[in-house]
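Everything on this sheet refers to the single structure shown next.
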Amino acid sequence: MRRRELLILIATAACPNIVGAQQEKPRRRVGVLTGNIETDPDAQTRVQAFKQGLADLGWIEGRNLHIEVRWPGPDVARQQAYARELVALAPDVILTTSTPTTRALRDTTQTIPVVFVGLSDPVATGIVSNIARPEVNVTGFMLYEHSLAGKWLTLLKDMSPALKRVAVLFNPQTAPYASFYIRSAQEVSERLGVSVSGAEVSSVAEIDLALSRMEGSDGGVMVLPDGGFVAANNASLIVLAAKYRVPAIYAVRVYALNGGLMSYGADLTSQFRDGATYVDQILRGVKPAELPVRFAAKFDLVINLRAADALGLRVPRHLMVGAEMVR
Amino acid sequence: MDPGSEGSLPQETPSAKTGRLFRKYVLFLAGVVLLALLSSATIQYQFLVRDFTEFSVRLQREQAQAAADKIDDFIQDIERQIAWTAQLPWAAATLDEWRLDVARLLQQVPAITEYRRLDSRGMEQLRVSRLAPDRIAGGGDFSKDDAFTKAMASGVYHGPVGFRRESEPYMTIALRGAGNDVSIAEVNLKFIWDLVSQRKVGNRGRAYVVSDDGRLIAHPNLNLVLRNTDASQLSQVRTARADGPAAAPEHERAVKDLEGRQVLAASARIPTLDWLLVTELPTEEAFAPLDAAVRRTALILIGALLIAVLAGFLLARTMVGPIEALRIGAMKIGAGDFEQRIEIKTKDEVEALADQFNLMAARLQESHATLQQRVERRTAELTSANRRLVSAGERLRRVNAFKTEMLGIVAHDLKNPISVIITRAEVLSKIDDLSPSAREKIAAQADAISEAGRQLVEKVDELLADAMAEANEITIRRAPVNILALISEVINANRPLTEKKEQKLAVAMPASLTVMCDHDRLREALDNLVSNAIKYTQPGGSINLAVMTDEDQALITVADNGAGLTSDDLARLFGRFQPLSAKPTGGEASTGLGLSIVKRIVELHGGKVSARSAGIGQGSRFTISLPLLAGNSVGQQASSGEEEGLTKKPNSGMILVVDDDNDVRKALDMWLRLDGISAVFAASADEALAVVAGNGVRPSLIVSDYNLHGGANGIENIVALRKALGWQVPAILLTGDSTRSTQETIVSNGLVALIKPWKGDELTQLIRRLQKSEDNIAQLV
C-alpha cells in the first residue's frame with residue numbers, strides 16, 4: 001500500500017511539466033482596404049512595405065498573422081461594399097489608405113480598430129475629432145497638411161518665375177478636402193502674384209479641358225493628393241500636361257518619377273511602415289483611442305529634369321540642393 | 001491474579017510498534033535530507049536573486065547608456081549643423097546664398113522642420129519651412145522671445161518640449177551666430193520617440209526620457225507624454241537626479257513604474273540636454289529565468305526527497321526486518337511452537353540475540369519432547385487398563401444381571417408351588433373323616449411338610465433379599481451427556497424387538513439437550529421403560545418417546561397404547577418384585593425388579609419417575625424428570641467425609657501440587673497456568689508439609705502423586721496434610737496403580753484418583769469440579 005502511494009507521488013511530481021506545455025496561439029487577422037486598384041504597382045509596393053513593417057515587428061503572415069487585402073479602386077460604392085465585406089470577416093484591425101475608404105469603414109463599424117495612413121487632415125474631414133486622443137475606433141497617420149498648398153505654390157513659382165495663374169486639380173468625390181488646400185494656396189497667392197482657382201475633374205476629358213485652359217507660359221497646375229482617382233489616371237495627366245506645356249506640381253513623388261515636372265510631399269511608402277507600428281500596438285492590446293493621430297515629418301522634393309528641359313525651365317540652385325533630381 | 005494476562009498484553013501491539021519504528025526511520029532520513037536541501041536551496045536562491053538583480057540592472061544600464069548616447073549624438077549633430085550655418089554672418093551673403101545654405105541644412109538634418117534667422121535686434125530675416133511657404137524679411141520682431149534672449153545671453157538655447165498640432169513633439173534650438181544674429185531651428189523629436197518606443201528592454205520592459213524638470217518627454221505610451229505626465233516623483237527618477245551628473249546612477253533596485261508595476265530600473269544621463277533616459281524591466285520578467293531555476297530546484301528537491309524516502313525505506317527495512325523476524329519467532333515459540341527457529345543473518349547483535357532465542361527454543365523443545373513421551377506412554381497404559389476394566393465390568397454386569405434374574409425367577413416360581421405345598425399340608429392335617437390315629441399320623445406328616453415348606457420359603461426370601469441387595473447397590477457417575485444420542489442408542493437397541501412385534505416406535509425431541517448424568521445408568525433406566533412398553537403392548541401397537549425441557553428439568557416420556565395399568569398396579573408399580581396384573585403380550589419373562597431399578601437410578605440423579613394409565617387396555621405413560629442444572633448434585637453420592645470439618649476455609653484459590661518428578665511438575669505448571677489455575681509446588685511430602693505449616697499456604701485442593709520420594713505414600717501424605725490444615729481438603733491422587741486394593745484404599749479415604757497416564761484437561765476439569773462443588777467423588781476416572 002505505501003509503495004503504491006509512493007509511485008503515485010513520483011508520477012504526479014513529474015507530470016506538471018507535461019500538462020503545462022504551451023499551446024500555439026491562434027493567428028491574428030488584419031484587413032487592408034486600399035483606395036487603389038489591384039494592378040497599381042506602386043500601391044502593391046506600399047502594401048508590401050506594410051507587410052514588411054509588420055514582419056519586422058514579429059507578425060509573420062502565414063505564421064501568426066493572416067492579412068486580407070481588398071482593392072476596390074476609386075469607386076465609392078465598391079469601397080463601401082468591400083468595407084462591409086471586411087467587417088463581416090471580423091479582423092482584429094483594418095488598415096485604410098484613403099479618406100473615402102476610412103469613412104466607409106468608420107460608417108460600417110464602431111468596434112473594429114481602423115488605422116489609416118496617407119490621409120489629409122482627418123479632423124477637417126470629420127474622421128476623428130481629436131488629434132491627441134481620437135476617442136473613436138479610428139486613428140492613424142496623416143500625410144498632408146493644408147499649409148502644404150502654399151508650399152507647393154511657392155515651389156512652382158520658384159521653378160516657373162513667369163507663373164501667374166494656377167489651377168488646383170481635384171476630384172470632388174475622392175478629395176473632399178480640396179477647398180482647404182485651395183484656401184491655403186490663396187493665402188500666399190497675392191504675395192506671389194499668382195491667381196489660384198479650383199478645377200474639378202472626374203474624367204480624362206475634364207482633365208484635358210482643365211489643362212488646356214492653363215496652356216501658356218504663365219499657367220500651371222497643382223494636383224491635389226487623393227485616394228486613388230488621380231493615381232488611376234496619372235498616365236493621361238502627365239501626357240496631357242506635357243502636351244499643353246503646363247508646369248505641374250504633384251503631392252506624390254511617383255508623378256515626377258513618371259514624367260511629371262515636380263513633386264513635394266511626404267514619403268507615403270514609409271508611412272505604410274509607420275501604420276504597421278500602430279497595427280502592432282493594437283494587436284498587442286492598445287486601444288486606438290489611446291494612440292494619437294501622427295503627422296509625417298519628412299518631406300521630399302523631386303524634380304524631373306527632362307520635364308523641366310521640355311518646358312524650358314531652369315531649376316534654381318536652392319531647389320537643387322534639397323531635391324532629388326530624376327530624368 | 002491471572003498469570004495469562006501478563007503474557008497476552010505484548011502480543012497485541014508489536015506490529016503497531018514496529019510500524020512506528022519504521023516510520024521513525026523513514027521520517028528521520030527524509031527530514032534530514034529535506035532540511036539540508038531546503039537550506040542549501042534557500043541560500044542559493046538569495047545569492048541568485050542578488051546576482052540576477054545585479055546582472056539585469058547592469059544590462060539595462062548599458063542599454064540606457066547606449067540610448068542616451070544616441071539621443072545626445074542626435075542633438076549634438078543638429079547643433080553642429082546649425083552652428084555651421086550660423087557661422088556665416090547674415091550681411092556677408094546674398095539672399096540666394098542664404099537660401100542655398102538653409103536648403104543644405106534642411107537636406108542634412110531631416111529633423112529640422114523650420115529654420116529662422118534673426119538679426120542682432122531680434123528681427124526675422126528669413127524663414128524656411130518644410131510645410132509652409134518660405135518667408136523673406138518681414139517675419140516680425142522676436143527680440144522678446146526666450147529663444148532669442150537666452151541664445152544671445154548664453155550662446156545656445158534649448159526650448160521646452162512642445163507638441164505641434166497636439167501630437168508632434170517639437171523643441172526649439174537656438175544658437176548665436178558669428179554676427180550676433182541668431183539661428184532658430186524647430187526640431188521634430190519624432191526620432192527620440194521612435195528610438196524610445198523601439199528600444200527593446202527585455203520582452204515587456206521599456207525605455208523613456210524625462211526632461212530636466214521631471215516631465216515625461218518620450219515614452220512608448222504616447223498618451224502619457226501627451227498628457228504632460230510628471231515623472232519626477234518616481235523614485236528611480238528622483239534618486240538619479242539627486243545623484244548629480246557626475247555620480248554613476250546606483251539607484252537600481254526593485255521600484256514602481258508609472259503604472260504601479262514592480263520593475264527593475266536603470267538610467268543614464270543625456271548630458272547635452274540634462275535629460276534622463278530610464279529603462280525599466282518588470283521584476284517578474286527579470287526573475288523569470290530565476291523562477292525556472294526555482295522550479296528546477298523544486299524538482300530536484302522532490303527527487304532527492306523521494307530518494308531519501310526510498311533510502312529510509314530500505315534502511316528501515318534492513319534494520320526493522322530482523323527485529324520483526326525475531327518478534328514473530330519469539331511469538332511462535334511463546335505460543336508453543338518449539339520447532340520454530342529464527343533465521344537472521346545480519347552478523348550483528350540481532351543475530352546473536354536470535355541465536356540465544358533458538359537455543360532457548362531447542363531446550364524447550366527437548367524437555368517438551370520428554371514430557372510428551374511420558375504422557376504418551378502412560379496414556380497407552382491407561383487406555384489398555386481401561387479397556388480391560390470396561391470389558392471386565394461389562395462381563396460382571398451381565399453375569400450379575402443374569403444371576404439376579406435367575407434368582408428372581410427361581411424365587412418367584414418356587415414360592416407358588418411351596419405355598420401350594422404348605423396349604424395342601426394344612427388342608428391334609430385338617431381332614432376329619434379319618435381315624436384318630438391316621439389323622440394324628442397324617443397331621444404329624446403334614447406339620448413336617450409345612451415346617452419344611454416354611455423353611456423353604458425363608459430360604460427363598462433370603463435369596464430374594466440377596467438379589468435385592470444387589471439391585472440396590474447402584475452408584476452413578478455424572479458427566480455431561482447428550483440425551484438425544486443416548487435415546488438414539490436405546491431406540492437402536494430395542495428396534496429388533498419392535499420390528500418383531502410390528503410395533504411403531506416414534507420419537508419427538510429437541511435439537512439438542514445435554515444433562516449432567518450417568519450415561520450408562522440412565523440408558524439402563526430408559527431401556528427398562530422402553531422394553532417394558534414393548535413387552536406390555538400388543539403386536540402392531542405403538543410406542544412414543546418424547547423429550548422436553550421444562551424450566552429446570554428435562555422430561556422424558558415413554559408412552560404406549562398397550563395393556564395399561566389398574567389403579568392397584570399404579571400404587572405398587574415401583575415396588576420390588578411386583579408383577580403387574582397384565583401379562584407380557586409376547587410371552588416375555590419379567591422379574592418385577594425393572595421398575596424399582598428405574599426408580600432408584602432416577603432418584604439417584606435427583607429426579608422423579610411417575611406412571612399414568614386410564615385403566616386396563618388403555619395404555620400407559622411413564623415420565624422421567626431430571627434436573628437440568630449442571631452443578632446440581634441432589635443425587636446422594638456414595639460417601640464423603642466432608643461433614644467432619646468445613647469450618648476452616650482455604651485462604652486462597654491456590655492448589656498444592658506434590659510430585660517428586662521435576663518434569664511432571666514443570667508440565668503441570670504449564671497446564672495449570674494455561675487454565676488460569678495458580679498452584680504451589682512441592683517435591684516431597686515433607687516439603688509439602690513445610691509449605692502448609694511454614695508458609696501458611698491454605699490450598700483449596702491438593703494434588704498428590706501416589707508414589708513419593710523416600711517411600712512415602714500419596715494417601716498418607718494427603719491425610720497428613722488434611723490433618724495439618726484441619727479440614728477435609730478435596731484431594732486428587734495421581735496414580736499409575738489401578739489394582740483393586742489401592743483403589744479401595746483411595747475411595748475409603750474419600751479421595752479422587754486420576755490414573756496415569758492422564759490428560760491435562762482431565763486434571764483441570766476435575767480440579768474445577770472439585771473446587772466448585774467441594775465434593776470428593778470417590779470415582780475411578
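Each chain of the C-alpha cells is named A, B, ... in the order shown, its residues numbered from 1; ligands are numbered from 1 in display order.
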With 8 Å as the limit and counting only C-alpha atoms, what residues in chain A lie close to chain B? Please list them as a list in words.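 So the contacting residues turn out to be Ile10, Ala13, Ile131, Ala132, Arg133, Glu145, Ser147, Leu148, Gly150, Lys151, Trp152, Leu153, Thr154, Val188, Glu290, Leu291, Pro292, Val293, Arg294, Phe295, Ala297, Lys298, Phe299, Arg317, His318, Leu319, Val321 and Gly322 of chain A.
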Which of range 91-286 of chain A end up as strand (DSSP E or B) when DSSP is run on this backbone - answer as JSON, numbers by chain? {"A": [93, 94, 95, 96, 114, 115, 116, 117, 118, 119, 120, 138, 139, 140, 141, 142, 143, 144, 165, 166, 167, 168, 169, 170, 195, 196, 197, 198, 199, 200, 219, 220, 221, 222, 223, 248, 249, 250, 262, 263, 264, 265, 266]}
Find the residues near Glu716 in chain B: any atom within 12 Å, counting only C-alpha atoms, skip ones fewer than 6 places away on the same chain, and give them as a PyMOL selection string. chain B and resi 685-686+689+704-708+722-723+731+733+745-746+749+751
Test item: residues at most 10 Å from Arg63 in chain A, only C-alpha atoms, excluding those fewer than 6 positions along its chain, as a PDB file with N, CA and C atoms, in the first residue's frame:
```pdb
ATOM      1  N   PRO A  26      -3.813  31.217 -31.629  1.00  0.00           N
ATOM      2  CA  PRO A  26      -4.440  31.300 -32.955  1.00  0.00           C
ATOM      3  C   PRO A  26      -3.902  32.508 -33.730  1.00  0.00           C
ATOM      4  N   ARG A  27      -3.980  32.443 -35.043  1.00  0.00           N
ATOM      5  CA  ARG A  27      -3.489  33.546 -35.876  1.00  0.00           C
ATOM      6  C   ARG A  27      -4.344  34.780 -35.693  1.00  0.00           C
ATOM      7  N   ARG A  28      -3.686  35.947 -35.719  1.00  0.00           N
ATOM      8  CA  ARG A  28      -4.431  37.213 -35.692  1.00  0.00           C
ATOM      9  C   ARG A  28      -4.752  37.596 -37.130  1.00  0.00           C
TER      10      ARG A  28
END
```
In Å, with one decimal, what is the gap from CA of Gln60 in chain B to CA of Ala268 in chain B?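 We find that CA of Gln60 in chain B and CA of Ala268 in chain B lie 9.7 Å from each other.
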Pick the closest to Met319 in chain B from B:Ala479, B:Val26, B:Val32, B:Ala362: which is it, counting only C-alpha atoms? B:Val26
Set the distance at 10 Å and use only C-alpha atoms: which residues neighbour Glu343 in chain B once local chain neighbours fewer than 2 positions away are removed? I'd like the list as a VMD selection string. chain B and resid 322 325 to 326 329 340 to 341 345 to 346 351 354 to 355 358
Could you find all residues in range 364-522 of chain B that DSSP calls alpha helix (DSSP H) from the backbone, and write them as a ChimeraX atom specification? /B:364-429,436-472,483-500,519-522
Give me the residues within 7 Å of range 245-254 of chain A as a list in words, counting only C-alpha atoms and dropping any in the same chain fewer than 5 places off. Trp152, Leu156, Met214, Glu215, Gly219, Gly220, Val221, Met222, Val223, Leu224, Pro225, Gly260, Leu261, Met262, Ser263, Tyr264, Gly265, Val302 and Leu311 of chain A
Serialized selection, N, CA, C and O atoms, as a CSV table (one decimal), in the first residue's frame:
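Contents of the output file out-v4.csv:
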```
chain,number,residue,atom,x,y,z
A,152,TRP,N,3.6,74.3,-52.0
A,152,TRP,CA,3.5,73.8,-53.4
A,152,TRP,C,3.6,75.0,-54.3
A,152,TRP,O,4.3,75.1,-55.3
A,156,LEU,N,6.3,75.9,-57.1
A,156,LEU,CA,6.0,76.0,-58.5
A,156,LEU,C,6.4,77.4,-59.1
A,156,LEU,O,7.0,77.5,-60.2
A,214,MET,N,-4.9,76.1,-69.0
A,214,MET,CA,-3.7,76.6,-68.4
A,214,MET,C,-2.6,76.7,-69.4
A,214,MET,O,-1.4,77.0,-69.1
A,215,GLU,N,-2.8,76.4,-70.6
A,215,GLU,CA,-1.8,76.5,-71.7
A,215,GLU,C,-1.2,77.9,-71.7
A,215,GLU,O,-1.9,78.9,-71.6
A,219,GLY,N,0.8,79.8,-67.1
A,219,GLY,CA,-0.1,78.9,-66.5
A,219,GLY,C,0.6,77.8,-65.7
A,219,GLY,O,1.8,77.6,-65.9
A,220,GLY,N,-0.1,77.1,-64.8
A,220,GLY,CA,0.5,76.0,-64.0
A,220,GLY,C,-0.7,75.2,-63.3
A,220,GLY,O,-1.7,75.8,-63.1
A,221,VAL,N,-0.4,74.0,-62.9
A,221,VAL,CA,-1.4,73.3,-62.1
A,221,VAL,C,-0.8,72.7,-60.9
A,221,VAL,O,0.4,72.3,-60.8
A,222,MET,N,-1.6,72.6,-59.8
A,222,MET,CA,-1.3,71.8,-58.6
A,222,MET,C,-2.3,70.6,-58.6
A,222,MET,O,-3.5,70.8,-58.7
A,223,VAL,N,-1.7,69.5,-58.5
A,223,VAL,CA,-2.6,68.3,-58.5
A,223,VAL,C,-2.7,67.8,-57.0
A,223,VAL,O,-1.7,67.4,-56.4
A,224,LEU,N,-3.9,67.9,-56.5
A,224,LEU,CA,-4.1,67.5,-55.0
A,224,LEU,C,-3.9,66.0,-54.8
A,224,LEU,O,-4.3,65.2,-55.7
A,225,PRO,N,-3.4,65.7,-53.7
A,225,PRO,CA,-3.4,64.3,-53.4
A,225,PRO,C,-4.8,63.8,-53.2
A,225,PRO,O,-5.7,64.5,-52.7
A,260,GLY,N,6.2,63.7,-64.6
A,260,GLY,CA,5.7,64.9,-64.2
A,260,GLY,C,6.8,65.9,-63.8
A,260,GLY,O,7.9,65.4,-63.5
A,261,LEU,N,6.5,67.2,-63.8
A,261,LEU,CA,7.6,68.2,-63.6
A,261,LEU,C,8.2,68.0,-62.2
A,261,LEU,O,9.4,67.9,-62.0
A,262,MET,N,7.4,68.1,-61.2
A,262,MET,CA,8.0,68.0,-59.8
A,262,MET,C,6.9,67.5,-58.8
A,262,MET,O,5.7,67.6,-59.0
A,263,SER,N,7.4,67.1,-57.7
A,263,SER,CA,6.5,66.7,-56.6
A,263,SER,C,7.1,67.1,-55.3
A,263,SER,O,8.3,67.1,-55.1
A,264,TYR,N,6.2,67.4,-54.3
A,264,TYR,CA,6.7,67.7,-53.0
A,264,TYR,C,5.7,67.0,-52.0
A,264,TYR,O,4.5,67.3,-52.0
A,265,GLY,N,6.2,66.2,-51.1
A,265,GLY,CA,5.3,65.6,-50.2
A,265,GLY,C,6.1,64.5,-49.3
A,265,GLY,O,7.2,64.3,-49.6
A,302,VAL,N,11.0,66.3,-55.5
A,302,VAL,CA,11.5,65.5,-56.6
A,302,VAL,C,11.3,66.4,-57.9
A,302,VAL,O,10.2,66.9,-58.1
A,311,LEU,N,10.0,72.0,-70.8
A,311,LEU,CA,9.2,73.2,-70.6
A,311,LEU,C,10.1,74.4,-70.7
A,311,LEU,O,9.6,75.5,-70.6
```
From the set B:Ala614, B:Ile71, B:Leu314, B:Ile342, which residue has the shortest atom-to-atom contact distance to Thr566 in chain B, counting only C-alpha atoms? B:Ala614
Would you pick out the contacts of Met142 in chain A at 10 Å or less, using only C-alpha atoms, so that residues sharing its chain but fewer than 6 positions from it are not included, and give the list as number ranges by chain? A: 97-98, 116-122, 266, 268, 271, 293-296
Emit the selected residues as a CSV table (one decimal), in the first residue's frame, including all heavy atoms.
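Saved to part21.csv:
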```
chain,number,residue,atom,x,y,z
A,97,THR,N,-6.2,53.4,-46.6
A,97,THR,CA,-5.2,54.2,-47.2
A,97,THR,C,-5.7,55.4,-47.9
A,97,THR,O,-5.0,56.1,-48.6
A,97,THR,CB,-4.4,53.4,-48.3
A,97,THR,OG1,-5.4,53.0,-49.3
A,97,THR,CG2,-3.9,52.1,-47.7
A,98,SER,N,-7.0,55.7,-47.6
A,98,SER,CA,-7.6,57.0,-48.2
A,98,SER,C,-8.7,57.4,-47.3
A,98,SER,O,-9.3,56.7,-46.6
A,98,SER,CB,-8.1,56.7,-49.6
A,98,SER,OG,-9.2,56.0,-49.6
A,116,PHE,N,-5.5,54.4,-40.3
A,116,PHE,CA,-5.4,54.9,-41.6
A,116,PHE,C,-3.9,55.4,-41.8
A,116,PHE,O,-3.2,55.8,-40.9
A,116,PHE,CB,-6.4,56.1,-41.8
A,116,PHE,CG,-6.3,57.2,-40.8
A,116,PHE,CD1,-5.3,58.1,-40.9
A,116,PHE,CD2,-7.3,57.3,-39.8
A,116,PHE,CE1,-5.3,59.2,-39.9
A,116,PHE,CE2,-7.3,58.3,-38.9
A,116,PHE,CZ,-6.2,59.3,-39.0
A,117,VAL,N,-3.5,55.5,-43.1
A,117,VAL,CA,-2.3,56.1,-43.5
A,117,VAL,C,-2.5,56.9,-44.7
A,117,VAL,O,-3.4,56.6,-45.5
A,117,VAL,CB,-1.2,55.0,-43.8
A,117,VAL,CG1,-0.8,54.3,-42.5
A,117,VAL,CG2,-1.6,54.0,-44.8
A,118,GLY,N,-1.6,58.0,-44.9
A,118,GLY,CA,-1.7,58.8,-46.1
A,118,GLY,C,-2.8,59.7,-46.2
A,118,GLY,O,-3.2,60.1,-47.3
A,119,LEU,N,-3.5,60.0,-45.1
A,119,LEU,CA,-4.7,60.9,-45.2
A,119,LEU,C,-4.3,62.4,-45.1
A,119,LEU,O,-3.3,62.7,-44.6
A,119,LEU,CB,-5.6,60.5,-44.0
A,119,LEU,CG,-6.8,59.7,-44.4
A,119,LEU,CD1,-6.3,58.3,-45.0
A,119,LEU,CD2,-7.8,59.5,-43.3
A,120,SER,N,-5.3,63.1,-45.6
A,120,SER,CA,-5.2,64.6,-45.4
A,120,SER,C,-6.1,65.0,-44.3
A,120,SER,O,-7.3,64.7,-44.4
A,120,SER,CB,-5.6,65.3,-46.7
A,120,SER,OG,-4.7,65.0,-47.7
A,121,ASP,N,-5.6,65.7,-43.4
A,121,ASP,CA,-6.3,66.3,-42.3
A,121,ASP,C,-7.6,65.6,-41.8
A,121,ASP,O,-8.7,66.0,-42.2
A,121,ASP,CB,-6.7,67.8,-42.7
A,121,ASP,CG,-6.9,68.6,-41.4
A,121,ASP,OD1,-7.2,68.0,-40.3
A,121,ASP,OD2,-6.9,69.8,-41.5
A,122,PRO,N,-7.5,64.6,-41.1
A,122,PRO,CA,-8.7,63.8,-40.7
A,122,PRO,C,-9.7,64.5,-39.8
A,122,PRO,O,-10.8,64.2,-39.7
A,122,PRO,CB,-8.1,62.6,-40.0
A,122,PRO,CG,-6.8,63.0,-39.5
A,122,PRO,CD,-6.3,64.0,-40.5
A,266,ALA,N,5.3,64.1,-48.4
A,266,ALA,CA,6.0,63.1,-47.5
A,266,ALA,C,6.0,61.7,-48.2
A,266,ALA,O,5.3,61.5,-49.2
A,266,ALA,CB,5.1,63.0,-46.2
A,268,LEU,N,5.0,58.4,-48.8
A,268,LEU,CA,3.8,57.6,-48.5
A,268,LEU,C,4.2,56.2,-48.1
A,268,LEU,O,3.6,55.6,-47.2
A,268,LEU,CB,2.9,57.6,-49.7
A,268,LEU,CG,1.6,56.9,-49.6
A,268,LEU,CD1,0.8,57.5,-48.4
A,268,LEU,CD2,0.8,57.0,-50.8
A,271,GLN,N,5.2,55.8,-44.7
A,271,GLN,CA,4.0,55.9,-43.7
A,271,GLN,C,3.3,54.6,-43.6
A,271,GLN,O,2.7,54.3,-42.6
A,271,GLN,CB,3.1,57.0,-44.2
A,271,GLN,CG,2.2,57.5,-43.0
A,271,GLN,CD,1.7,58.9,-43.2
A,271,GLN,OE1,1.0,59.1,-44.2
A,271,GLN,NE2,1.9,59.7,-42.2
A,293,VAL,N,-3.2,60.7,-33.4
A,293,VAL,CA,-3.0,60.8,-34.8
A,293,VAL,C,-1.7,61.5,-35.1
A,293,VAL,O,-1.4,62.5,-34.5
A,293,VAL,CB,-4.1,61.6,-35.5
A,293,VAL,CG1,-3.9,61.7,-37.0
A,293,VAL,CG2,-5.5,60.9,-35.3
A,294,ARG,N,-0.8,60.8,-35.9
A,294,ARG,CA,0.5,61.3,-36.1
A,294,ARG,C,0.6,62.0,-37.5
A,294,ARG,O,-0.1,61.7,-38.4
A,294,ARG,CB,1.5,60.2,-36.0
A,294,ARG,CG,1.5,59.5,-34.6
A,294,ARG,CD,2.1,60.4,-33.5
A,294,ARG,NE,3.4,60.8,-33.8
A,294,ARG,CZ,4.5,60.1,-33.6
A,294,ARG,NH1,4.4,58.9,-33.1
A,294,ARG,NH2,5.7,60.6,-33.9
A,295,PHE,N,1.7,62.8,-37.6
A,295,PHE,CA,2.0,63.5,-38.9
A,295,PHE,C,3.2,63.0,-39.5
A,295,PHE,O,4.1,62.5,-38.8
A,295,PHE,CB,2.1,65.0,-38.6
A,295,PHE,CG,0.9,65.7,-38.1
A,295,PHE,CD1,0.5,65.6,-36.7
A,295,PHE,CD2,0.1,66.3,-39.0
A,295,PHE,CE1,-0.7,66.2,-36.3
A,295,PHE,CE2,-1.1,66.9,-38.5
A,295,PHE,CZ,-1.5,66.9,-37.2
A,296,ALA,N,3.3,63.3,-40.8
A,296,ALA,CA,4.6,63.0,-41.5
A,296,ALA,C,5.6,64.1,-41.1
A,296,ALA,O,5.2,65.2,-40.9
A,296,ALA,CB,4.3,63.0,-43.0
```
Which residue gives the smallest distance to Pro172 in chain A among A:Gly312, A:Pro74, A:Gly193, A:Pro113, with only C-alpha atoms counted? A:Pro74
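Between CA of Asp119 in chain B and CA of Trp90 in chain B the separation is 7.4 Å.
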